[in-house]
Amino acid sequence: MLTHSLLPGQILFTAADLSADPPHPLLDGALDQLRAVVAWAREYLCEPHPELGRKGPVCPYAQGSLDRDTFYLAVHRGGTVDPAELDTVLAGYRDWFARLEPLAGPSAQFKTILLTLPDLPVDVARQTVDRTQERLKPAYTEQGLMLGEFHDGPPAKGGLWNGDFRPLHSPVPMLVVRHMVASDLPFLVDDPVTCAAYLRYFAHSAPGALRQQIAAAAARHGLTVPDVAAGTPVPRRLLNQEVG
């Protein structure tokens, strides 16, 4: 368990912390939901799916995240949520994510923070997660991060390899902070702000198979592919991950 040095109400739990006796007070009444998230990660994210459209697990780095104890669970309690308050809470975890070890090396790519919202009614949770992700996504991509939305709706976004598959289904509503990766291109090309962020990080380092799509996306938005010297390349360890 990790506690934010400046924001003591922000706490990160790992799977092992969910077996503590007694459980942390923040988990009172939500322990089963957090355990369900870990089970979902192991039984769904880490496994193949017949509708995925490719071989391998639904999320190629979930198993590595769990194995390295960098699969961090956060909890925001309450049956209602103020959008501005939730934005502030997420900003705290986003900034903390940037300082969390490991900061470099092969293990850094597996780091993720899952902010769960276990108390929200179903309909409220779906709207809250979707609207928050849509509102904040551009700012996160500018920092080389993705903010993912998960709930039982599930979110309408299709998989990368099968547009009819809805991979973002989860047993508990949550917003997930992780590194942007090269294969996020399809999720970023429709908006000029997120597309520009992708170009800054990946224009000259993405796999060759994506280069044509990158050039087409830049042209569609009237964007210039940045020079190599002016870009902000992401370490190669992050380039070839695929989700969904």
# chains A, B, ... in the order shown; residues from 1 in each chain; ligands from 1
$ closest_atom_pairs --of "range 4-80 of chain A" --to "range 142-163 of chain A" --cutoff "8 Å" --atoms "only C-alpha atoms" --output "JSON lines"
{"residue": "A:Glu51", "atom": "CA", "partner": "A:Asn162", "partner_atom": "CA", "distance": 7.1}
{"residue": "A:Leu52", "atom": "CA", "partner": "A:Asn162", "partner_atom": "CA", "distance": 6.1}
{"residue": "A:Gly53", "atom": "CA", "partner": "A:Trp161", "partner_atom": "CA", "distance": 5.0}
{"residue": "A:Arg54", "atom": "CA", "partner": "A:Trp161", "partner_atom": "CA", "distance": 6.6}
$ closest_atom_pairs --of "range 37-82 of chain A" --to "range 172-196 of chain A" --cutoff "10 Å" --atoms "only C-alpha atoms" --output "tab-separated table"
residue	atom	partner	partner_atom	distance
A:Val37	CA	A:Val172	CA	6.7
A:Trp40	CA	A:Val172	CA	9.5
A:Tyr72	CA	A:Val176	CA	9.7
A:Leu73	CA	A:Val176	CA	9.4
A:Ala74	CA	A:Met174	CA	9.3
A:Val75	CA	A:Met174	CA	9.0
A:His76	CA	A:Met174	CA	9.5
$ closest_residue --among "A:Phe97, A:Phe110, A:Tyr201, A:Tyr44" --to "Ser170 in chain A" --atoms "only C-alpha atoms"
A:Tyr44
$ residues_around --residues "Leu26 in chain A" --least-positions-apart "3" --cutoff "9 Å" --atoms "only C-alpha atoms" --output "CSV table (one decimal) with N, CA, C and O atoms, in the first residue's frame"
chain,number,residue,atom,x,y,z
A,9,GLY,N,-5.3,11.4,1.5
A,9,GLY,CA,-6.6,10.7,1.2
A,9,GLY,C,-6.4,9.8,-0.1
A,9,GLY,O,-7.3,9.0,-0.4
A,11,ILE,N,-4.6,6.9,-1.9
A,11,ILE,CA,-3.9,5.6,-1.5
A,11,ILE,C,-4.0,4.7,-2.7
A,11,ILE,O,-5.0,4.6,-3.4
A,23,PRO,N,-8.9,-5.0,6.9
A,23,PRO,CA,-8.7,-4.2,5.6
A,23,PRO,C,-8.6,-2.8,6.0
A,23,PRO,O,-9.1,-2.3,7.0
A,29,GLY,N,-16.8,-1.8,2.9
A,29,GLY,CA,-17.9,-1.9,2.0
A,29,GLY,C,-17.6,-2.0,0.6
A,29,GLY,O,-18.5,-2.2,-0.3
A,30,ALA,N,-16.3,-1.9,0.2
A,30,ALA,CA,-15.9,-2.0,-1.2
A,30,ALA,C,-14.9,-3.1,-1.5
A,30,ALA,O,-14.4,-3.2,-2.6
A,75,VAL,N,-9.3,4.1,-5.0
A,75,VAL,CA,-10.8,4.1,-4.7
A,75,VAL,C,-11.3,5.5,-4.4
A,75,VAL,O,-10.7,6.3,-3.6
A,76,HIS,N,-12.3,5.9,-5.1
A,76,HIS,CA,-13.0,7.2,-4.8
A,76,HIS,C,-14.4,6.9,-4.4
A,76,HIS,O,-15.2,6.3,-5.1
A,77,ARG,N,-14.7,7.1,-3.1
A,77,ARG,CA,-15.9,6.7,-2.5
A,77,ARG,C,-17.0,7.8,-2.6
A,77,ARG,O,-16.8,9.0,-2.9
$ closest_residue --among "A:Arg99, A:Arg126, A:Lys111, A:His24" --to "Tyr61 in chain A" --atoms "only C-alpha atoms"
A:Lys111
$ atom_distance --atom1 "CA of Ala139 in chain A" --atom2 "CA of Ala15 in chain A"
29.1 Å
$ select_by_dssp --residues "range 163-226 of chain A" --states "strand (DSSP E or B)" --output "VMD selection string"
chain A and resid 169 174 to 179
$ decode --residues "range 6-20 of chain A" --atoms "N, CA, C and O atoms" --output "short mmCIF file (atom, residue, chain, number, x, y, z; two decimals), in the first residue's frame"
data_model
loop_
_atom_site.label_atom_id
_atom_site.label_comp_id
_atom_site.auth_asym_id
_atom_site.auth_seq_id
_atom_site.Cartn_x
_atom_site.Cartn_y
_atom_site.Cartn_z
N LEU A 6 1.61 14.11 -0.10
CA LEU A 6 0.97 15.41 0.10
C LEU A 6 -0.55 15.32 0.17
O LEU A 6 -1.19 16.25 0.68
N LEU A 7 -1.10 14.24 -0.33
CA LEU A 7 -2.55 14.05 -0.35
C LEU A 7 -2.87 12.73 0.35
O LEU A 7 -3.06 11.71 -0.30
N PRO A 8 -2.92 12.73 1.67
CA PRO A 8 -3.05 11.46 2.41
C PRO A 8 -4.34 10.70 2.11
O PRO A 8 -4.43 9.50 2.40
N GLY A 9 -5.33 11.35 1.51
CA GLY A 9 -6.55 10.66 1.16
C GLY A 9 -6.41 9.83 -0.10
O GLY A 9 -7.30 9.03 -0.42
N GLN A 10 -5.30 10.01 -0.81
CA GLN A 10 -5.06 9.23 -2.02
C GLN A 10 -4.13 8.07 -1.69
O GLN A 10 -2.99 8.27 -1.25
N ILE A 11 -4.63 6.87 -1.90
CA ILE A 11 -3.93 5.65 -1.52
C ILE A 11 -3.96 4.68 -2.70
O ILE A 11 -4.98 4.57 -3.40
N LEU A 12 -2.85 3.98 -2.90
CA LEU A 12 -2.77 2.97 -3.94
C LEU A 12 -2.63 1.60 -3.29
O LEU A 12 -1.75 1.40 -2.44
N PHE A 13 -3.48 0.69 -3.70
CA PHE A 13 -3.45 -0.68 -3.20
C PHE A 13 -2.98 -1.62 -4.30
O PHE A 13 -3.26 -1.41 -5.48
N THR A 14 -2.29 -2.67 -3.91
CA THR A 14 -1.99 -3.75 -4.83
C THR A 14 -2.90 -4.93 -4.48
O THR A 14 -3.60 -4.91 -3.46
N ALA A 15 -2.86 -5.95 -5.30
CA ALA A 15 -3.71 -7.12 -5.06
C ALA A 15 -3.46 -7.72 -3.68
O ALA A 15 -4.40 -8.14 -2.99
N ALA A 16 -2.20 -7.74 -3.26
CA ALA A 16 -1.87 -8.33 -1.96
C ALA A 16 -2.51 -7.56 -0.80
O ALA A 16 -2.86 -8.15 0.23
N ASP A 17 -2.69 -6.25 -0.96
CA ASP A 17 -3.27 -5.44 0.10
C ASP A 17 -4.74 -5.78 0.36
O ASP A 17 -5.27 -5.47 1.44
N LEU A 18 -5.37 -6.42 -0.58
CA LEU A 18 -6.78 -6.75 -0.42
C LEU A 18 -7.00 -7.95 0.50
O LEU A 18 -8.13 -8.29 0.83
N SER A 19 -5.89 -8.57 0.92
CA SER A 19 -5.97 -9.70 1.86
C SER A 19 -5.59 -9.30 3.27
O SER A 19 -5.54 -10.14 4.17
N ALA A 20 -5.30 -8.02 3.47
CA ALA A 20 -4.89 -7.56 4.79
C ALA A 20 -6.02 -7.73 5.81
O ALA A 20 -7.21 -7.59 5.48
#
